[in-house]
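**Student:** One structure, as structure tokens, below. Some questions next.
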Amino acid sequence: LKSPCRAFHEHPGLRASDLYSQYESVRRGAQEMPKYFNFASDVLDKWSEIEKAGKRPSNPAFWWVNGKGGEVKWSFEELGFLSRKAANVLTKVCGLQKGDRVIVILPRVPEWWLVNVACMRAGIVLIPGISQLTAKDILYRLQASKATCIITNDTLAPAVDSVASECQFLKTKLIVSKGSREGWLNFTELFKNQSADHSCVKTRIQDPVCIFFTSGTTGFPKMVEHSQSSLGFRPLLSERYWLDLTASDIIWSTADTGWIVTSLASLFDPWVFGSCIFVHHLPQIESATILNTLSRHPVGTLVGAPTLFRMLVQNDLSSYKFMNLKHCVSGGEPLNPEVMEQWKSKTGLDIHEIYGQTEMGIICSVFKGMKIKPGSMGKAAPFYDVQIVDKNANILPPGQEGEIAVRSKPIRPLGFFSKYVDNPKKTAASERGDFFVTGDKGTMDEDGYFWFIGRDDDIIISSGYRIGPFEVESALIEHPAVAETAVVSSPDPLRGEVVKAFVVLSSTFSCGDLKSLAHELQEHVKKTTAPYKYPRKMEFVQQLPKTVTGKIKRNELRDKEWGRM
Ligand code: ATP
Ligand code: MG
């Protein structure tokens, strides 16, 4: 915490603001963390003042488009005004109080951002959910979280109604809709008539702000609680920053609103820097929509999952000229070097990889300007002492494979979750010695770059060799026929288990003889990476099973192989 962040140095608006100078002594370690902090009053309302004083570029704070001509632009002041009205809907009409929990399942609509800020103003804990959730998923989330209110739209309201009788904690259903629905309060109507008179509640810096469900890649999603400190205060102290934004930047993250990535990359982190958050409604994630949007809007930073970039590079990009795109970020899953290379050759842009978890936020990152080693997730992010450890929490030397871990004692890093809700056992199990262990295997090289090998249980052990699926997948994807692939273990009488690849063929590739293609792909892997890793079994599929956040569910494929489902 030595030097102030880059944005502070470079942007006169920031330097003039007391937003940063206020925390500089905390940054230098000369002063304790503040006891009370609320992102709405301590950051957003401050930006509103800076804006009023004419010290912020004329960017909107929030810019939403729906691709059909619909557009919403808010300044920080407008965001303040509207979110106070929304806070009154939640408190005065719905009777929600500080500490209450509300599940919010909305697509990428402006109301999602309004409700987020409104909850902060009222001290209500927001639990975002992904729009693809089914009735069963919603039931699990309502029961597990004991939420007293749910906010959703017409699409998901019937699913909520079908399970509501089993949710004894649920008191209020609030719909964002032009029409009415029986048993539901209408947010859109109520909002119109509310006053904007609302005073932000006082919250302690450790008070909860959000509870996120993990992606559920390896089992039931876990409830991860984050605080004012881990979400809103952390970026204020960051000296080197994964998004590297200033108040004149425009950032677009394409993630679903239910994923922590949206809260980080499309809410807390950009707004700390006074940046403009760009949102496209994106009912479907289609290449043409993304590419046209980048060509028509001055988005400077794009954040997406590897699947997004894998999809984009399948297109002929020569007909698009991006207006202002300068910085691309990908995370949530490993990014294949081949995809990076193709994106670079087609657009001239690098993809900066980030690595993180719902529990810890962004732990590693390829920062802007740093040397890129394709296939690596970059170096430890500010506040995190990331190490590779063994089963006894001993730190392993560079090059040696072990578990990726973050030192959590004696000081819990800023950015860490508070706990797994109602699960002290799980919270305790995630700790090993002085470290929090991620459940991911990796290595660190001499330069401090981290390399992902695979999730603990994704590692394939064949004839005594340890094989990480990612390396095999990356080799396969280098072949023009392969659009996407997942590699898992499969039973084998002789070797115990062997490598099996599920392959989705590229739409531009036509092939009649799949048997010879399979052989060609095997030979290709043998040439690209150590031959013992080549997939002895191969299956061509139309699509891969994915979590609602778009991650490949290798465990599902593996269970099928082993006859476990
Ligand atoms: P669950 O914990 O419920 O099984 P999940 O771990 O997928 O689900 P998230 O918190 O969304 O839930 O994802 C974190 C995990 O995603 C990491 O532990 C890691 O396995 C993977 N991950 C994230 N970023 C990267 C990356 N850049 N490279 C490789 N893997 C990544
Ligand atoms: Mg996890």
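By convention here, the chains of the structure tokens are called A, B, ... in the order presented, each chain's residues are numbered starting at 1, and ligands are numbered starting at 1 in the order presented.
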Could you produce a table of the residues of segment 298-366 of chain A lying within 12 Å of segment 499-517 of chain A, with the nearest pair of atoms per residue and their separation in Å rounded to one decimal, using only C-alpha atoms, ordered by chain and increasing residue number, as JSON lines?
**Tutor:**
```
{"residue": "A:Arg310", "atom": "CA", "partner": "A:Ser506", "partner_atom": "CA", "distance": 10.6}
{"residue": "A:Met311", "atom": "CA", "partner": "A:Ser506", "partner_atom": "CA", "distance": 9.9}
{"residue": "A:Val313", "atom": "CA", "partner": "A:Ser506", "partner_atom": "CA", "distance": 10.9}
{"residue": "A:Gln314", "atom": "CA", "partner": "A:Ser506", "partner_atom": "CA", "distance": 7.7}
{"residue": "A:Asn315", "atom": "CA", "partner": "A:Thr508", "partner_atom": "CA", "distance": 9.4}
{"residue": "A:Asp316", "atom": "CA", "partner": "A:Thr508", "partner_atom": "CA", "distance": 10.8}
```
**Student:** Keeping only N, CA, C and O atoms, write the selected residues to a file as a PDB file, in the first residue's frame.
**Tutor:**
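Contents of result01.pdb, freshly written:
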```
ATOM      1  N   ARG A 310     -13.535 -17.096 -27.987  1.00  0.00           N
ATOM      2  CA  ARG A 310     -13.508 -18.276 -28.865  1.00  0.00           C
ATOM      3  C   ARG A 310     -14.558 -18.128 -29.962  1.00  0.00           C
ATOM      4  O   ARG A 310     -14.341 -18.500 -31.102  1.00  0.00           O
ATOM      5  N   MET A 311     -15.703 -17.544 -29.588  1.00  0.00           N
ATOM      6  CA  MET A 311     -16.772 -17.345 -30.556  1.00  0.00           C
ATOM      7  C   MET A 311     -16.396 -16.228 -31.548  1.00  0.00           C
ATOM      8  O   MET A 311     -16.584 -16.375 -32.755  1.00  0.00           O
ATOM      9  N   VAL A 313     -13.484 -15.112 -32.591  1.00  0.00           N
ATOM     10  CA  VAL A 313     -12.421 -15.398 -33.563  1.00  0.00           C
ATOM     11  C   VAL A 313     -12.864 -16.357 -34.670  1.00  0.00           C
ATOM     12  O   VAL A 313     -12.152 -16.543 -35.651  1.00  0.00           O
ATOM     13  N   GLN A 314     -14.052 -16.940 -34.512  1.00  0.00           N
ATOM     14  CA  GLN A 314     -14.588 -17.792 -35.586  1.00  0.00           C
ATOM     15  C   GLN A 314     -15.094 -16.948 -36.759  1.00  0.00           C
ATOM     16  O   GLN A 314     -15.468 -17.476 -37.791  1.00  0.00           O
ATOM     17  N   ASN A 315     -15.157 -15.614 -36.556  1.00  0.00           N
ATOM     18  CA  ASN A 315     -15.714 -14.724 -37.585  1.00  0.00           C
ATOM     19  C   ASN A 315     -14.624 -14.085 -38.439  1.00  0.00           C
ATOM     20  O   ASN A 315     -13.483 -13.951 -38.005  1.00  0.00           O
ATOM     21  N   ASP A 316     -15.066 -13.649 -39.631  1.00  0.00           N
ATOM     22  CA  ASP A 316     -14.173 -12.838 -40.446  1.00  0.00           C
ATOM     23  C   ASP A 316     -14.240 -11.414 -39.884  1.00  0.00           C
ATOM     24  O   ASP A 316     -15.247 -10.733 -40.016  1.00  0.00           O
TER      25      ASP A 316
END
```
**Student:** Which residues are near Leu494 of chain A? Cut-off 10 Å, only C-alpha atoms, ignore same chain within fewer than 4 positions. Put them as a list of chain:residue names.
**Tutor:** A:Ser462, A:Ser463, A:Val498
**Student:** Pull all heavy atoms from the residues just selected and write them as a short mmCIF file (atom, residue, chain, number, x, y, z; two decimals), in the first residue's frame.
**Tutor:**
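Full text of selection.cif as output:
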```
data_model
loop_
_atom_site.label_atom_id
_atom_site.label_comp_id
_atom_site.auth_asym_id
_atom_site.auth_seq_id
_atom_site.Cartn_x
_atom_site.Cartn_y
_atom_site.Cartn_z
N SER A 462 -2.91 -40.92 -16.23
CA SER A 462 -2.92 -42.03 -17.18
C SER A 462 -1.54 -42.67 -17.23
O SER A 462 -0.55 -41.99 -17.49
CB SER A 462 -3.32 -41.48 -18.56
OG SER A 462 -3.50 -42.55 -19.46
N SER A 463 -1.50 -43.96 -16.98
CA SER A 463 -0.23 -44.71 -16.91
C SER A 463 0.79 -43.97 -16.05
O SER A 463 1.97 -43.90 -16.39
CB SER A 463 0.37 -44.91 -18.30
OG SER A 463 -0.55 -45.50 -19.15
N VAL A 498 -7.72 -42.91 -19.33
CA VAL A 498 -7.07 -42.30 -20.49
C VAL A 498 -7.72 -40.95 -20.78
O VAL A 498 -8.78 -40.61 -20.25
CB VAL A 498 -7.16 -43.19 -21.75
CG1 VAL A 498 -6.36 -44.46 -21.59
CG2 VAL A 498 -8.61 -43.47 -22.11
#
```
**Student:** Could you make a table, as a tab-separated table, of the residues of chain A that have an atom within 9 Å of an atom of ligand 2, each with its nearest atom pair and distance in Å to one decimal, counting only C-alpha atoms and all ligand atoms, in chain and number order?
**Tutor:**
```
residue	atom	partner	partner_atom_place_in_ligand_line	distance
A:Thr214	CA	ligand 2	1 (Mg)	6.3
A:Ser215	CA	ligand 2	1 (Mg)	7.1
A:Gly216	CA	ligand 2	1 (Mg)	7.2
A:Thr217	CA	ligand 2	1 (Mg)	7.1
A:Thr218	CA	ligand 2	1 (Mg)	7.3
A:Pro221	CA	ligand 2	1 (Mg)	8.3
A:Lys222	CA	ligand 2	1 (Mg)	8.2
A:Gln357	CA	ligand 2	1 (Mg)	6.3
A:Thr358	CA	ligand 2	1 (Mg)	7.0
A:Glu359	CA	ligand 2	1 (Mg)	7.6
A:Thr438	CA	ligand 2	1 (Mg)	7.2
A:Gly439	CA	ligand 2	1 (Mg)	7.2
A:Asp440	CA	ligand 2	1 (Mg)	8.6
A:Arg455	CA	ligand 2	1 (Mg)	9.0
```
**Student:** Atom CA of Phe435 of chain A and atom 14 (C, counted along the ligand's line) of ligand 1 are how many Å apart?
**Tutor:** 16.9 Å
**Student:** Per DSSP on the backbone, what are the alpha helix (DSSP H) residues of segment 138-357 of chain A, as a VMD selection string?
**Tutor:** chain A and resid 138 to 145 157 to 163 187 to 193 234 to 237 260 to 263 269 to 272 287 to 296 306 to 312 337 to 347
**Student:** Here is a test: counting only C-alpha atoms, which residue of A:Pro469, A:Gly464, A:Pro480, A:Gly331 is nearest to Ser376 of chain A?
**Tutor:**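 Selected residue with least distance to Ser376 of chain A: A:Gly331.
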**Student:** With distances taken over only C-alpha atoms, which of A:Glu78, A:Asp100, A:Glu471, A:Glu286 is nearest to Leu114 of chain A?
**Tutor:**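 Counting only C-alpha atoms, the residue closest to Leu114 of chain A is A:Glu78.
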**Student:** From the list A:Leu82, A:Val102, A:Val339, A:Ala305, which residue is nearest ligand 1 when using only C-alpha atoms and all ligand atoms?
**Tutor:**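 Among the listed residues, A:Ala305 lies closest to ligand 1.
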**Student:** Nearest to ligand 1 among A:Ile138, A:Ala147, A:Val125, A:Ile130, with distances taken over only C-alpha atoms and all ligand atoms: which residue is it?
**Tutor:**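 Smallest distance to ligand 1 is found for A:Ile130.
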**Student:** According to DSSP computed on the backbone, where in segment 34-96 of chain A is there strand (DSSP E or B)? Give the residues as a ChimeraX atom specification.
**Tutor:** /A:36,62-65,71-74
**Student:** Could you please take those selected residues and save N, CA and C atoms as a PDB file, in the first residue's frame?
**Tutor:**
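Written file, again23.pdb:
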```
ATOM      1  N   TYR A  36     -16.635   2.928   9.106  1.00  0.00           N
ATOM      2  CA  TYR A  36     -17.882   2.954   8.347  1.00  0.00           C
ATOM      3  C   TYR A  36     -17.589   3.267   6.885  1.00  0.00           C
ATOM      4  N   PHE A  62     -23.337   5.775 -16.733  1.00  0.00           N
ATOM      5  CA  PHE A  62     -23.983   4.527 -17.145  1.00  0.00           C
ATOM      6  C   PHE A  62     -24.573   4.732 -18.530  1.00  0.00           C
ATOM      7  N   TRP A  63     -24.337   3.793 -19.400  1.00  0.00           N
ATOM      8  CA  TRP A  63     -24.794   3.915 -20.792  1.00  0.00           C
ATOM      9  C   TRP A  63     -25.285   2.551 -21.246  1.00  0.00           C
ATOM     10  N   TRP A  64     -26.589   2.480 -21.465  1.00  0.00           N
ATOM     11  CA  TRP A  64     -27.222   1.206 -21.823  1.00  0.00           C
ATOM     12  C   TRP A  64     -27.827   1.293 -23.210  1.00  0.00           C
ATOM     13  N   VAL A  65     -27.649   0.266 -24.011  1.00  0.00           N
ATOM     14  CA  VAL A  65     -28.306   0.202 -25.320  1.00  0.00           C
ATOM     15  C   VAL A  65     -28.972  -1.163 -25.457  1.00  0.00           C
ATOM     16  N   GLU A  71     -31.982   3.464 -25.770  1.00  0.00           N
ATOM     17  CA  GLU A  71     -30.739   3.896 -25.124  1.00  0.00           C
ATOM     18  C   GLU A  71     -31.045   4.605 -23.811  1.00  0.00           C
ATOM     19  N   VAL A  72     -30.209   4.384 -22.804  1.00  0.00           N
ATOM     20  CA  VAL A  72     -30.335   5.067 -21.524  1.00  0.00           C
ATOM     21  C   VAL A  72     -28.965   5.596 -21.154  1.00  0.00           C
ATOM     22  N   LYS A  73     -28.904   6.876 -20.790  1.00  0.00           N
ATOM     23  CA  LYS A  73     -27.625   7.423 -20.326  1.00  0.00           C
ATOM     24  C   LYS A  73     -27.865   8.153 -19.009  1.00  0.00           C
ATOM     25  N   TRP A  74     -27.089   7.831 -17.998  1.00  0.00           N
ATOM     26  CA  TRP A  74     -27.212   8.519 -16.721  1.00  0.00           C
ATOM     27  C   TRP A  74     -25.878   9.128 -16.322  1.00  0.00           C
TER      28      TRP A  74
END
```
**Student:** Need the shell around Glu497 of chain A: protein/DNA/RNA residues with any atom at most 7 Å away, counting only C-alpha atoms. Skip same-chain ones fewer than 6 positions apart. Format as an NGL selection string?
**Tutor:** :A and (461-462 or 489-491)
**Student:** Hey, which of A:Glu333, A:Glu401, A:Asp447, A:Glu561 ends up closest to Thr547 of chain A? Count only C-alpha atoms.
**Tutor:**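 Once distances to Thr547 of chain A are computed over only C-alpha atoms, the minimum belongs to A:Glu333.
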